[in-house]
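Undergrad: Dropping the structure in here first, questions after.
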Amino acid sequence: MNNAMTPDDVDTAPTIHTHQKLTAYSLLLRIFSNQGIAFFFIASVFVLLAQVLWLEFLIDDYYHQLVISGGVSAPDGRHWILSMFTFFDGNSERTAQMVKEFALPWWTRLDIKISFLRPLTAFTHFIDNALQYNNRAFFHLHSLLWYGFFLVAVYIFYSRFLKDKALTNLAVFFVAANYFNYITMSWVANRNALIGGAFVVLALYFHHRACQNTNHLYKLFACCFVALGLAAGEVALASCAYLFAYALFIDQRKIFRRVLSLVPYALMTLLWLGLYKLGGYGSHGSGLYLDPSYDPVAFLARILLHLPILLAYCWGGVTTFFFNPGVDGILVSQALIAMAFIVLCLGILAPLLKQSAVARFFALGSVIALLPVCAGLPQPRLVLMGSLGTCALLALLAQFYLQHPRKNKFFSVRKWATFGFVFLFFIHGVLHPLALLGNGIRQLKNSQNAALRPNIALTLPFEQPLEGQTAVFITVPSPFFLPEVVLERKQVGMALPADISLLSMTQPNVRVEIVNDSTLAVHSPDGVMPNNFLGVASLVFCDLMVRPYVAGDRIDTAIMSSEIIEVNELGAPVLVHHHFHKALTDRSLIFYYWDRLQYKFNVLKDVAGLSEVRVL
């Protein structure tokens, strides 16, 4: 007996008939069933996305180029294609060298590990450097092309499940117009998400075809695309989420056949995990990423806090920009707000989920797909695979709520659920494109004014000659400023001081006092490592929630010895004495602090009687 499914076995919402009177849904149907208009909408969004061509590199992009060129020592002598995404490998000696060479903060834990296995993505960066070294526009164009490939894959995938051409076009429009996907694409180093996401979507498509036709060739294609996705990055773990949801809600065969269909993917994922662990990849000691296998209890706690916020990003879109991925109690309150919002969304979805197995597939898949990214701080750029299910559900909701509107009483639950859907539709169909347009206008203005605005990283007033000089930054304008200064100047061959050090992050009420002829005291009531959004960089270099600092801790670097005198309730230093290896009056010491969009320097040098510098 043949248990293979046919396309009709997958339920969808009722088909629209042309004789129906004009309604909100039929109007939407006419717009997006017209291939020319739908193509115009999606192409317009893609043109807006071209604003990435004007973007600058970020810190990881410079680091990757140094890795390829051999400017960074690879851990254990590995080839760069296996170590491009290894920032810290847990080796204290190598980390100490990086602290000195790249001006990392003095509070960097020497045993931290941030290491990812992404050889396929690394190879695409090699292509960038081989063809157009240091051409930012080319690098971003390459990422934009991968995003286009992702959208094509999504269109093919949606067309098998939504079937109606208008619904497919509408769902793809939601994906293309998603401003958070632009955030994902705008960072070259984040290209792994686009590559892995595209291969995951293709794997799901061919798995569906294989289950329909029992075609082993389709199954082989699906396995190959899962393997390619895992080689691109951890985002491909989302394939497990959607494959599980498929077996649960879409696959109509016997339980044994459903489980058997998942075995090849499970074995492939386990093999990848084994290579990941044997290769020493993973993350620990950093507050930015948490390896679930290293601390499963902490990971479960993160799921409780991070998953509601990530789901709120998927459904609430740009209206959730106020969420701040900090480390203090604000994250708990945000999670509670997000939970309340998700409950409301669930109320809107409930009638559709009860009726449609396809809707249940997309809903469960989008939730489970977000579990792996809970290991990191909840950020909009991480919801690419979660939004894959969200955008399909929005299209199905449009069909469900707008196809046959009912004239119910004012206090009808169904009527208020319809209002809720209209609000979600407005967010994803109007606000997201407007955010892209507004950001595009801002990027265009920035590109026009770029020639008039000098690059601070390249024009810092380092005094000549630089040999033997030590630059000490009391504050910085952004968390990764100093590493970017070092990486960018290295890339263009500009000179750097012999040593560079940072005393605190930029924030109000930083106070610096001279304790003795070689010691500076840096005090801030909020901590020298801020916990706001910009303070995320602090979390990269240490995990205060796992290993908070205590009074009496002492951290030695090539320039100074930092003694922690006082900490706050989070374990962040609020008063630190920095004992320099040179006298403060040594002419090789040059002090800088950020004030009113520019750097002032020599704030301590040759200034008689100076006892305090306030940075406001």
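Going through the structure tokens in order, the chains are called A, B, and so on, while each chain numbers its residues from 1 and the ligands are numbered from 1 in the order shown.
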Which of segment 364-444 of chain A counts as alpha helix (DSSP H) under DSSP, as a compact mmCIF listing (two decimals) with N, CA and C atoms, in the first residue's frame please?

TA:
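File written: out-v7.txt
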```
# COMPACT_ATOMS: atom_id res chain seq x y z
N LEU A 364 4.71 26.31 15.38
CA LEU A 364 5.62 25.53 16.22
C LEU A 364 7.04 25.62 15.70
N GLY A 365 7.21 25.57 14.39
CA GLY A 365 8.56 25.67 13.82
C GLY A 365 9.24 26.98 14.15
N SER A 366 8.49 28.09 14.10
CA SER A 366 9.10 29.39 14.39
C SER A 366 9.52 29.50 15.85
N VAL A 367 8.74 28.88 16.75
CA VAL A 367 9.09 28.93 18.18
C VAL A 367 10.34 28.11 18.46
N ILE A 368 10.37 26.86 17.99
CA ILE A 368 11.52 25.99 18.26
C ILE A 368 12.77 26.51 17.56
N ALA A 369 12.62 27.14 16.40
CA ALA A 369 13.77 27.67 15.67
C ALA A 369 14.50 28.75 16.45
N LEU A 384 15.87 35.70 12.13
CA LEU A 384 15.64 35.43 10.71
C LEU A 384 14.80 34.17 10.51
N MET A 385 15.20 33.07 11.15
CA MET A 385 14.48 31.82 10.93
C MET A 385 13.16 31.77 11.70
N GLY A 386 13.07 32.49 12.79
CA GLY A 386 11.79 32.58 13.48
C GLY A 386 10.77 33.33 12.65
N SER A 387 11.21 34.40 11.98
CA SER A 387 10.29 35.20 11.15
C SER A 387 9.85 34.45 9.91
N LEU A 388 10.56 33.37 9.53
CA LEU A 388 10.12 32.56 8.40
C LEU A 388 8.72 32.01 8.65
N GLY A 389 8.46 31.54 9.86
CA GLY A 389 7.12 31.06 10.19
C GLY A 389 6.15 32.19 10.45
N THR A 390 6.63 33.28 11.05
CA THR A 390 5.76 34.41 11.37
C THR A 390 5.15 35.02 10.12
N CYS A 391 5.97 35.23 9.10
CA CYS A 391 5.48 35.89 7.87
C CYS A 391 4.46 35.02 7.15
N ALA A 392 4.65 33.70 7.16
CA ALA A 392 3.65 32.81 6.56
C ALA A 392 2.35 32.86 7.34
N LEU A 393 2.45 32.91 8.66
CA LEU A 393 1.24 32.99 9.49
C LEU A 393 0.49 34.29 9.27
N LEU A 394 1.20 35.37 9.05
CA LEU A 394 0.54 36.65 8.79
C LEU A 394 -0.27 36.58 7.51
N ALA A 395 0.28 35.93 6.48
CA ALA A 395 -0.47 35.78 5.23
C ALA A 395 -1.71 34.91 5.44
N LEU A 396 -1.56 33.83 6.20
CA LEU A 396 -2.72 32.97 6.49
C LEU A 396 -3.75 33.69 7.34
N LEU A 397 -3.28 34.54 8.26
CA LEU A 397 -4.21 35.33 9.06
C LEU A 397 -5.01 36.30 8.19
N ALA A 398 -4.34 36.87 7.18
CA ALA A 398 -5.04 37.78 6.27
C ALA A 398 -6.18 37.05 5.59
N GLN A 399 -5.92 35.83 5.18
CA GLN A 399 -6.97 35.03 4.55
C GLN A 399 -8.09 34.69 5.54
N PHE A 400 -7.69 34.35 6.75
CA PHE A 400 -8.67 33.89 7.74
C PHE A 400 -9.58 35.01 8.22
N TYR A 401 -9.00 36.18 8.52
CA TYR A 401 -9.79 37.26 9.13
C TYR A 401 -10.45 38.19 8.12
N LEU A 402 -9.87 38.31 6.92
CA LEU A 402 -10.39 39.29 5.97
C LEU A 402 -11.24 38.67 4.87
N VAL A 413 -15.24 38.72 20.86
CA VAL A 413 -13.83 38.32 20.87
C VAL A 413 -13.28 38.26 19.46
N ARG A 414 -14.07 37.71 18.54
CA ARG A 414 -13.63 37.59 17.15
C ARG A 414 -13.37 38.96 16.54
N LYS A 415 -14.20 39.94 16.89
CA LYS A 415 -14.01 41.26 16.31
C LYS A 415 -12.74 41.92 16.83
N TRP A 416 -12.46 41.77 18.14
CA TRP A 416 -11.24 42.35 18.69
C TRP A 416 -10.00 41.60 18.19
N ALA A 417 -10.15 40.31 17.94
CA ALA A 417 -9.04 39.55 17.35
C ALA A 417 -8.74 40.06 15.95
N THR A 418 -9.79 40.44 15.22
CA THR A 418 -9.59 41.01 13.89
C THR A 418 -8.84 42.34 13.98
N PHE A 419 -9.21 43.17 14.95
CA PHE A 419 -8.48 44.43 15.16
C PHE A 419 -7.01 44.15 15.46
N GLY A 420 -6.77 43.12 16.28
CA GLY A 420 -5.39 42.76 16.61
C GLY A 420 -4.62 42.33 15.39
N PHE A 421 -5.26 41.56 14.50
CA PHE A 421 -4.58 41.17 13.27
C PHE A 421 -4.26 42.38 12.40
N VAL A 422 -5.21 43.32 12.30
CA VAL A 422 -4.97 44.53 11.49
C VAL A 422 -3.76 45.29 12.04
N PHE A 423 -3.62 45.32 13.36
CA PHE A 423 -2.45 45.98 13.95
C PHE A 423 -1.17 45.27 13.55
N LEU A 424 -1.15 43.93 13.61
CA LEU A 424 0.04 43.18 13.20
C LEU A 424 0.33 43.39 11.73
N PHE A 425 -0.73 43.41 10.92
CA PHE A 425 -0.57 43.63 9.49
C PHE A 425 0.04 45.02 9.23
N PHE A 426 -0.42 46.00 9.99
CA PHE A 426 0.10 47.36 9.83
C PHE A 426 1.59 47.41 10.18
N HIS A 432 7.40 48.39 8.73
CA HIS A 432 8.70 47.84 8.31
C HIS A 432 9.20 48.49 7.01
N PRO A 433 8.38 48.57 5.95
CA PRO A 433 8.85 49.27 4.75
C PRO A 433 9.20 50.73 5.00
N LEU A 434 8.41 51.40 5.85
CA LEU A 434 8.72 52.80 6.17
C LEU A 434 10.05 52.91 6.91
N ALA A 435 10.34 51.95 7.81
CA ALA A 435 11.63 51.95 8.50
C ALA A 435 12.77 51.77 7.51
N LEU A 436 12.57 50.90 6.53
CA LEU A 436 13.60 50.73 5.49
C LEU A 436 13.80 52.01 4.70
N LEU A 437 12.69 52.67 4.34
CA LEU A 437 12.77 53.91 3.58
C LEU A 437 13.47 54.99 4.38
N GLY A 438 13.08 55.16 5.64
CA GLY A 438 13.70 56.19 6.47
C GLY A 438 15.18 55.93 6.68
N ASN A 439 15.53 54.67 6.89
CA ASN A 439 16.94 54.34 7.07
C ASN A 439 17.72 54.56 5.78
N GLY A 440 17.08 54.27 4.63
CA GLY A 440 17.74 54.50 3.34
C GLY A 440 18.04 55.97 3.11
N ILE A 441 17.08 56.84 3.46
CA ILE A 441 17.31 58.28 3.31
C ILE A 441 18.46 58.73 4.20
N ARG A 442 18.48 58.20 5.43
CA ARG A 442 19.56 58.57 6.35
C ARG A 442 20.92 58.09 5.84
N GLN A 443 20.96 56.87 5.28
CA GLN A 443 22.22 56.35 4.76
C GLN A 443 22.69 57.17 3.56
N LEU A 444 21.74 57.60 2.72
CA LEU A 444 22.11 58.41 1.56
C LEU A 444 22.71 59.74 1.99
```

Undergrad: Near Val567 of chain A, within 12 Å and counting only C-alpha atoms, which residues show up once chain neighbours fewer than 2 positions away are dropped, as a list in words?

TA: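 Near Val567 of chain A, the qualifying residues are His523, Ser524, Pro525, Asp526, Gly527, Val528, Met529, Leu544, Pro548, Tyr549, Val550, Ala551, Gly552, Asp553, Glu563, Ile564, Ile565, Glu569, Leu570, Gly571, Ala572, Pro573, Val574, Leu575 and Val576 of chain A.
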
Undergrad: Record the distance separating atom CA of Thr519 of chain A and atom CA of Met560 of chain A, expressed in Å with one decimal.

TA: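 That distance, rounded to one decimal, is 9.1 Å.
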
Undergrad: Determine the nearest neighbour of Leu584 of chain A from the options A:Ile514, A:Leu29, A:Leu162, A:Ala74, counting only C-alpha atoms.

TA: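 Under the stated criterion, the closest residue is A:Ile514.
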
Undergrad: With a distance cut-off of 12 Å and only C-alpha atoms, select the neighbouring residues of Leu141 of chain A, excluding the residue or stretch itself and same-chain residues fewer than 6 positions from it, and output the selection as an MDAnalysis selection string.

TA: chainID A and resid 46:47 49:55 128 132 135 147:148 185:188 191

Undergrad: When you count only C-alpha atoms, which of these residues is closest to Ser293 of chain A: A:Leu273, A:Ile474, A:Leu482, A:Ala312?

TA: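 Among the listed residues, A:Leu273 lies closest to Ser293 of chain A.
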
Undergrad: Under the rule that only C-alpha atoms are counted, which of A:Asn190, A:Thr470, A:Thr108, A:Asn129 is the nearest residue to Leu66 of chain A?

TA: A:Asn129

Undergrad: Using Å and a single decimal, report how far atom CA of Asn178 of chain A sits from atom CA of Tyr155 of chain A.

TA: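 Computing the Euclidean distance for atom CA of Tyr155 of chain A and atom CA of Asn178 of chain A yields 14.9 Å.
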
Undergrad: Please, what distance in Å, to one decimal, runs between atom CA of Leu144 of chain A and atom CA of Ala189 of chain A?

TA: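 Atom CA of Ala189 of chain A lies at a distance of 12.7 Å from atom CA of Leu144 of chain A.
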
Undergrad: What's around Ile337 of chain A at 10 Å? Count only C-alpha atoms, leave out sequence neighbours fewer than 3 positions away in its own chain, and write the answer as a list in words.

TA: Pro308, Ile309, Ala312, Phe323, Leu331, Val332, Ser333, Gln334, Ala340, Phe341 and Ile342 of chain A

Undergrad: Grab the residues selected above and save them as a tab-separated table (two decimals), in the first residue's frame with C-alpha atoms.

TA:
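Below is the file that was written, part-v9.tsv:
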```tsv
chain	number	residue	atom	x	y	z
A	308	PRO	CA	9.55	35.76	24.84
A	309	ILE	CA	11.62	38.76	23.71
A	312	ALA	CA	8.06	39.66	20.42
A	323	PHE	CA	13.84	46.30	24.21
A	331	LEU	CA	15.65	42.20	30.92
A	332	VAL	CA	13.20	40.50	33.31
A	333	SER	CA	10.62	43.28	32.95
A	334	GLN	CA	11.01	43.19	29.17
A	340	ALA	CA	1.89	39.50	27.68
A	341	PHE	CA	2.21	40.53	24.04
A	342	ILE	CA	2.73	36.92	22.90
```

Undergrad: Given only C-alpha atoms as the basis, pick out the residue of A:Phe88, A:Phe150, A:Phe161, A:Phe221 nearest to Leu194 of chain A.

TA: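 Looking at the shortest contact to Leu194 of chain A, the residue is A:Phe150.
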
Undergrad: Would you give me, as a tab-separated table, each residue of segment 256-360 of chain A having an atom within 12 Å of an atom of segment 200-212 of chain A, along with its shortest atom pair and that distance in Å to one decimal, using only C-alpha atoms and sorting by chain and residue number?

TA:
```
residue	atom	partner	partner_atom	distance
A:Arg257	CA	A:Cys211	CA	9.6
A:Arg258	CA	A:Cys211	CA	9.0
A:Val259	CA	A:Cys211	CA	12.0
A:Leu260	CA	A:Cys211	CA	11.2
A:Ser261	CA	A:Cys211	CA	8.1
A:Leu262	CA	A:His207	CA	9.6
A:Pro264	CA	A:His207	CA	11.2
A:Tyr265	CA	A:Ala203	CA	10.1
```
